[in-house]
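Pasting coords-v1.cif here (mmCIF, C-alpha atoms, pLDDT in the B column; chains and numbers go by the auth columns):
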```cif
data_input
loop_
_atom_site.group_PDB
_atom_site.id
_atom_site.type_symbol
_atom_site.label_atom_id
_atom_site.label_comp_id
_atom_site.label_asym_id
_atom_site.label_seq_id
_atom_site.Cartn_x
_atom_site.Cartn_y
_atom_site.Cartn_z
_atom_site.B_iso_or_equiv
_atom_site.auth_seq_id
_atom_site.auth_asym_id
ATOM 1 C CA MET A 1 4.672 -13.762 22.834 46.00 1267 A
ATOM 2 C CA SER A 2 7.000 -15.386 20.350 50.00 1268 A
ATOM 3 C CA ASP A 3 6.991 -14.549 16.642 56.00 1269 A
ATOM 4 C CA THR A 4 7.508 -18.203 15.792 58.00 1270 A
ATOM 5 C CA ALA A 5 4.426 -20.368 15.522 53.00 1271 A
ATOM 6 C CA PRO A 6 4.412 -24.008 16.614 61.00 1272 A
ATOM 7 C CA GLU A 7 5.339 -26.431 13.859 69.00 1273 A
ATOM 8 C CA GLY A 8 2.414 -27.057 11.540 64.00 1274 A
ATOM 9 C CA PHE A 9 0.595 -23.928 12.752 67.00 1275 A
ATOM 10 C CA GLU A 10 0.164 -21.127 10.258 73.00 1276 A
ATOM 11 C CA ASP A 11 -0.122 -17.654 11.792 75.00 1277 A
ATOM 12 C CA PRO A 12 -3.074 -16.012 10.010 73.00 1278 A
ATOM 13 C CA PHE A 13 -1.775 -12.541 10.896 83.00 1279 A
ATOM 14 C CA ALA A 14 1.854 -13.010 9.820 83.00 1280 A
ATOM 15 C CA GLU A 15 1.396 -11.429 6.371 81.00 1281 A
ATOM 16 C CA GLN A 16 -0.602 -8.538 7.806 83.00 1282 A
ATOM 17 C CA ARG A 17 2.117 -7.921 10.408 86.00 1283 A
ATOM 18 C CA ARG A 18 4.841 -8.118 7.739 88.00 1284 A
ATOM 19 C CA MET A 19 3.029 -5.563 5.547 89.00 1285 A
ATOM 20 C CA ARG A 20 2.435 -3.229 8.481 89.00 1286 A
ATOM 21 C CA GLU A 21 6.154 -3.315 9.289 91.00 1287 A
ATOM 22 C CA LEU A 22 7.030 -2.811 5.628 91.00 1288 A
ATOM 23 C CA LEU A 23 4.721 0.193 5.258 93.00 1289 A
ATOM 24 C CA SER A 24 5.668 1.853 8.527 91.00 1290 A
ATOM 25 C CA GLN A 25 9.393 2.225 7.837 94.00 1291 A
ATOM 26 C CA GLU A 26 10.001 5.984 7.570 94.00 1292 A
ATOM 27 C CA THR A 27 11.399 6.295 4.043 95.00 1293 A
ATOM 28 C CA ARG A 28 8.938 3.787 2.553 96.00 1294 A
ATOM 29 C CA HIS A 29 6.078 5.561 4.327 95.00 1295 A
ATOM 30 C CA LEU A 30 7.195 8.924 2.882 96.00 1296 A
ATOM 31 C CA ILE A 31 7.496 7.423 -0.602 97.00 1297 A
ATOM 32 C CA ILE A 32 3.972 6.054 -0.451 97.00 1298 A
ATOM 33 C CA GLN A 33 2.550 9.320 0.899 96.00 1299 A
ATOM 34 C CA LEU A 34 4.242 11.258 -1.905 96.00 1300 A
ATOM 35 C CA ILE A 35 2.910 8.889 -4.562 97.00 1301 A
ATOM 36 C CA LEU A 36 -0.597 9.037 -3.104 96.00 1302 A
ATOM 37 C CA GLY A 37 -0.458 12.840 -3.055 95.00 1303 A
ATOM 38 C CA HIS A 38 0.936 13.265 -6.557 95.00 1304 A
ATOM 39 C CA PRO A 39 -1.766 14.268 -9.083 93.00 1305 A
ATOM 40 C CA ALA A 40 -0.776 11.401 -11.418 94.00 1306 A
ATOM 41 C CA HIS A 41 0.254 8.943 -8.639 96.00 1307 A
ATOM 42 C CA LEU A 42 3.435 8.401 -10.650 97.00 1308 A
ATOM 43 C CA VAL A 43 6.640 10.075 -9.484 97.00 1309 A
ATOM 44 C CA SER A 44 10.118 10.371 -10.909 96.00 1310 A
ATOM 45 C CA LEU A 45 13.203 9.690 -8.838 95.00 1311 A
ATOM 46 C CA ALA A 46 14.036 13.419 -8.992 94.00 1312 A
ATOM 47 C CA GLU A 47 10.659 14.278 -7.441 96.00 1313 A
ATOM 48 C CA LEU A 48 11.186 11.711 -4.682 96.00 1314 A
ATOM 49 C CA ASP A 49 14.742 12.905 -4.091 95.00 1315 A
ATOM 50 C CA TYR A 50 13.587 16.529 -3.780 95.00 1316 A
ATOM 51 C CA MET A 51 10.653 15.810 -1.466 94.00 1317 A
ATOM 52 C CA ILE A 52 12.162 13.166 0.828 95.00 1318 A
ATOM 53 C CA PRO A 53 15.023 14.157 3.139 92.00 1319 A
ATOM 54 C CA LYS A 54 17.123 11.080 2.363 94.00 1320 A
ATOM 55 C CA ASN A 55 19.875 10.436 -0.133 93.00 1321 A
ATOM 56 C CA GLU A 56 19.019 9.012 -3.535 94.00 1322 A
ATOM 57 C CA ALA A 57 20.621 5.637 -2.778 95.00 1323 A
ATOM 58 C CA ALA A 58 18.441 5.193 0.323 95.00 1324 A
ATOM 59 C CA ILE A 59 15.324 6.131 -1.644 97.00 1325 A
ATOM 60 C CA LEU A 60 16.207 3.699 -4.450 97.00 1326 A
ATOM 61 C CA ASP A 61 16.826 0.943 -1.907 97.00 1327 A
ATOM 62 C CA GLN A 62 13.377 1.465 -0.379 97.00 1328 A
ATOM 63 C CA LEU A 63 11.731 1.708 -3.808 98.00 1329 A
ATOM 64 C CA GLU A 64 13.197 -1.698 -4.647 97.00 1330 A
ATOM 65 C CA THR A 65 11.885 -3.110 -1.358 97.00 1331 A
ATOM 66 C CA LEU A 66 8.396 -1.818 -2.197 97.00 1332 A
ATOM 67 C CA ARG A 67 8.734 -3.213 -5.720 97.00 1333 A
ATOM 68 C CA GLU A 68 9.782 -6.643 -4.425 96.00 1334 A
ATOM 69 C CA ALA A 69 6.728 -6.607 -2.129 95.00 1335 A
ATOM 70 C CA GLY A 70 4.499 -5.964 -5.159 96.00 1336 A
ATOM 71 C CA ILE A 71 3.326 -2.568 -3.887 96.00 1337 A
ATOM 72 C CA LEU A 72 5.075 -0.351 -6.454 97.00 1338 A
ATOM 73 C CA ASP A 73 6.446 -0.804 -9.926 97.00 1339 A
ATOM 74 C CA VAL A 74 8.329 1.241 -12.507 97.00 1340 A
ATOM 75 C CA TYR A 75 6.226 2.610 -15.349 97.00 1341 A
ATOM 76 C CA VAL A 76 8.131 3.807 -18.423 95.00 1342 A
ATOM 77 C CA HIS A 77 6.953 6.520 -20.785 94.00 1343 A
ATOM 78 C CA GLU A 78 8.820 5.568 -23.955 93.00 1344 A
ATOM 79 C CA PRO A 79 8.522 8.942 -25.764 91.00 1345 A
ATOM 80 C CA ASN A 80 10.501 10.569 -22.925 90.00 1346 A
ATOM 81 C CA VAL A 81 13.405 8.092 -23.119 89.00 1347 A
ATOM 82 C CA SER A 82 15.212 10.157 -25.749 86.00 1348 A
ATOM 83 C CA THR A 83 14.263 13.519 -24.203 84.00 1349 A
ATOM 84 C CA ARG A 84 17.060 15.055 -22.194 83.00 1350 A
ATOM 85 C CA ASN A 85 15.189 17.116 -19.601 84.00 1351 A
ATOM 86 C CA LEU A 86 12.185 14.887 -19.008 90.00 1352 A
ATOM 87 C CA PRO A 87 12.035 11.698 -16.952 93.00 1353 A
ATOM 88 C CA SER A 88 10.955 8.465 -18.607 93.00 1354 A
ATOM 89 C CA LYS A 89 10.749 6.231 -15.515 95.00 1355 A
ATOM 90 C CA PHE A 90 8.090 6.754 -12.890 97.00 1356 A
ATOM 91 C CA TRP A 91 7.261 4.878 -9.711 98.00 1357 A
ATOM 92 C CA GLY A 92 3.631 4.110 -8.981 97.00 1358 A
ATOM 93 C CA PRO A 93 1.352 1.625 -7.268 97.00 1359 A
ATOM 94 C CA THR A 94 0.415 -1.747 -8.683 97.00 1360 A
ATOM 95 C CA GLU A 95 -3.052 -3.264 -8.490 97.00 1361 A
ATOM 96 C CA ARG A 96 -1.851 -5.468 -5.622 95.00 1362 A
ATOM 97 C CA GLY A 97 -0.244 -2.419 -4.045 96.00 1363 A
ATOM 98 C CA VAL A 98 -3.541 -0.549 -4.049 96.00 1364 A
ATOM 99 C CA GLU A 99 -5.196 -3.555 -2.382 95.00 1365 A
ATOM 100 C CA ILE A 100 -2.516 -3.579 0.321 94.00 1366 A
ATOM 101 C CA LEU A 101 -2.746 0.188 0.825 95.00 1367 A
ATOM 102 C CA TYR A 102 -6.529 -0.103 1.089 94.00 1368 A
ATOM 103 C CA GLU A 103 -6.263 -2.925 3.652 92.00 1369 A
ATOM 104 C CA HIS A 104 -3.959 -0.750 5.770 92.00 1370 A
ATOM 105 C CA ASN A 105 -6.131 2.397 5.449 91.00 1371 A
ATOM 106 C CA PHE A 106 -3.616 4.405 3.408 92.00 1372 A
ATOM 107 C CA LEU A 107 -6.188 5.314 0.763 92.00 1373 A
ATOM 108 C CA ARG A 108 -8.225 7.281 3.284 91.00 1374 A
ATOM 109 C CA GLY A 109 -5.348 9.752 3.353 90.00 1375 A
ATOM 110 C CA VAL A 110 -5.259 10.467 -0.390 93.00 1376 A
ATOM 111 C CA PRO A 111 -7.059 13.858 -0.070 93.00 1377 A
ATOM 112 C CA VAL A 112 -4.709 14.983 2.710 92.00 1378 A
ATOM 113 C CA ALA A 113 -1.626 13.719 0.861 93.00 1379 A
ATOM 114 C CA ARG A 114 -2.795 15.633 -2.242 93.00 1380 A
ATOM 115 C CA ALA A 115 -3.272 18.841 -0.246 92.00 1381 A
ATOM 116 C CA VAL A 116 0.198 18.527 1.282 93.00 1382 A
ATOM 117 C CA TYR A 117 1.721 17.809 -2.117 94.00 1383 A
ATOM 118 C CA GLU A 118 0.029 20.799 -3.745 92.00 1384 A
ATOM 119 C CA GLU A 119 1.131 23.182 -0.989 93.00 1385 A
ATOM 120 C CA THR A 120 4.784 22.113 -1.154 94.00 1386 A
ATOM 121 C CA GLN A 121 7.164 24.552 -2.847 94.00 1387 A
ATOM 122 C CA LYS A 122 8.959 22.838 -5.706 94.00 1388 A
ATOM 123 C CA SER A 123 12.099 23.647 -7.640 93.00 1389 A
ATOM 124 C CA GLU A 124 11.973 24.423 -11.358 93.00 1390 A
ATOM 125 C CA ARG A 125 13.349 20.959 -12.149 91.00 1391 A
ATOM 126 C CA VAL A 126 10.761 19.217 -9.973 93.00 1392 A
ATOM 127 C CA THR A 127 7.973 21.285 -11.520 93.00 1393 A
ATOM 128 C CA ARG A 128 9.223 20.273 -14.983 91.00 1394 A
ATOM 129 C CA HIS A 129 9.229 16.623 -13.872 92.00 1395 A
ATOM 130 C CA GLU A 130 5.767 17.015 -12.337 92.00 1396 A
ATOM 131 C CA ASP A 131 4.433 18.336 -15.657 92.00 1397 A
ATOM 132 C CA ALA A 132 6.176 15.669 -17.770 93.00 1398 A
ATOM 133 C CA PRO A 133 4.038 13.266 -19.794 94.00 1399 A
ATOM 134 C CA ARG A 134 3.596 9.948 -18.041 94.00 1400 A
ATOM 135 C CA PRO A 135 2.405 6.464 -18.924 95.00 1401 A
ATOM 136 C CA ALA A 136 -1.066 5.402 -17.880 94.00 1402 A
ATOM 137 C CA LEU A 137 -1.578 3.477 -14.670 95.00 1403 A
ATOM 138 C CA PRO A 138 -3.755 0.368 -14.809 94.00 1404 A
ATOM 139 C CA VAL A 139 -7.446 1.355 -14.758 94.00 1405 A
ATOM 140 C CA ALA A 140 -8.054 -0.431 -11.440 93.00 1406 A
ATOM 141 C CA VAL A 141 -5.266 1.610 -9.814 94.00 1407 A
ATOM 142 C CA THR A 142 -6.557 4.908 -11.222 92.00 1408 A
ATOM 143 C CA GLU A 143 -10.097 4.175 -10.084 92.00 1409 A
ATOM 144 C CA ALA A 144 -8.987 3.160 -6.583 91.00 1410 A
ATOM 145 C CA LEU A 145 -7.081 6.430 -6.142 91.00 1411 A
ATOM 146 C CA GLU A 146 -9.831 8.763 -7.381 88.00 1412 A
ATOM 147 C CA PHE A 147 -11.639 10.955 -4.917 79.00 1413 A
ATOM 148 C CA ASP A 148 -14.110 13.768 -5.251 73.00 1414 A
ATOM 149 C CA GLU A 149 -12.532 17.066 -4.349 67.00 1415 A
ATOM 150 C CA PRO A 150 -15.020 19.307 -2.589 63.00 1416 A
ATOM 151 C CA ASN A 151 -16.109 22.417 -4.424 62.00 1417 A
ATOM 152 C CA LEU A 152 -15.963 25.029 -1.688 56.00 1418 A
ATOM 153 C CA PHE A 153 -17.615 27.659 -3.846 60.00 1419 A
ATOM 154 C CA ASP A 154 -20.894 25.709 -4.044 57.00 1420 A
ATOM 155 C CA THR A 155 -21.445 26.186 -0.317 55.00 1421 A
ATOM 156 C CA ILE A 156 -21.071 29.973 -0.331 53.00 1422 A
#
```
Here is the file; what I need is its structure written in the form of structure tokens.
Amino acid sequence: MSDTAPEGFEDPFAEQRRMRELLSQETRHLIIQLILGHPAHLVSLAELDYMIPKNEAAILDQLETLREAGILDVYVHEPNVSTRNLPSKFWGPTERGVEILYEHNFLRGVPVARAVYEETQKSERVTRHEDAPRPALPVAVTEALEFDEPNLFDTI
């Protein structure tokens, strides 16, 4: 089957196929999983660089691709701009990005991504970045990424 539609025919699945291809590329997929697993859903470049086995330039390239697609954006925490050891720029999902991730069933994996993130050994620098103050995500994004963590002690 050809990817080109007859003239005048609009393929109703073209955008869905494009997003699936965009989200399934290895580095972009890892970036999204890391952001979904992060407690604040906002990650610094240093955190991404530490957790993803790619070079920083490759990660930045894929971040820009996700930004251009409207899935991620850069959120700046102004008080950190003049602080030497704390990041001020963080990558996180947009409202449209959350919609796309929901449509492609990524949000179902938030609890698993969080568990993986929490169990990962981190360097001192990454831990410092993880604990750094961050800007607030849009309310719709925060609400979409919330999940109830089970309290295992209630069942004992």
Test item: the PyMOL selection byres ((chain A and resi 1377-1381) around 8) resolved as a count of residues only: 15
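Between CA of Lys1388 in chain A and CA of Glu1292 in chain A lies a distance of 21.5 Å.
For the pair CA of Thr1393 in chain A and CA of Thr1360 in chain A, the interatomic distance is 24.4 Å.
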Among listed residues A:Tyr1316, A:Val1347, A:Ile1337, A:Asn1321, nearest Thr1386 in chain A (using all atoms listed in the file): A:Tyr1316
Contact residues around range 1361-1366 of chain A with all atoms listed in the file at 8 Å, ignoring same-chain residues under 4 positions, as a ChimeraX atom specification: /A:1285,1336-1338,1370,1404,1406-1407,1410
To box range 1284-1289 of chain A, take all atoms listed in the file, fit an axis-aligned box, add 6 Å on each side, and give centre and edge lengths in Å to one decimal, as AutoDock Vina command-line options.
```
--center_x 4.7 --center_y -4.0 --center_z 7.3 --size_x 16.6 --size_y 20.3 --size_z 16.0
```
Residues within 12 Å of Glu1390 in chain A, only C-alpha atoms, excluding chain neighbours under 2 positions, as a list in words: Ala1312, Glu1313, Tyr1316, Asn1351, Gln1387, Lys1388, Val1392, Thr1393, Arg1394, His1395, Glu1396 and Asp1397 of chain A
Selection result of the PyMOL selection byres ((chain A and resi 1289) around 10) on this file, as a ChimeraX atom specification: /A:1283-1288,1290-1298,1332,1337,1366-1367,1370,1372
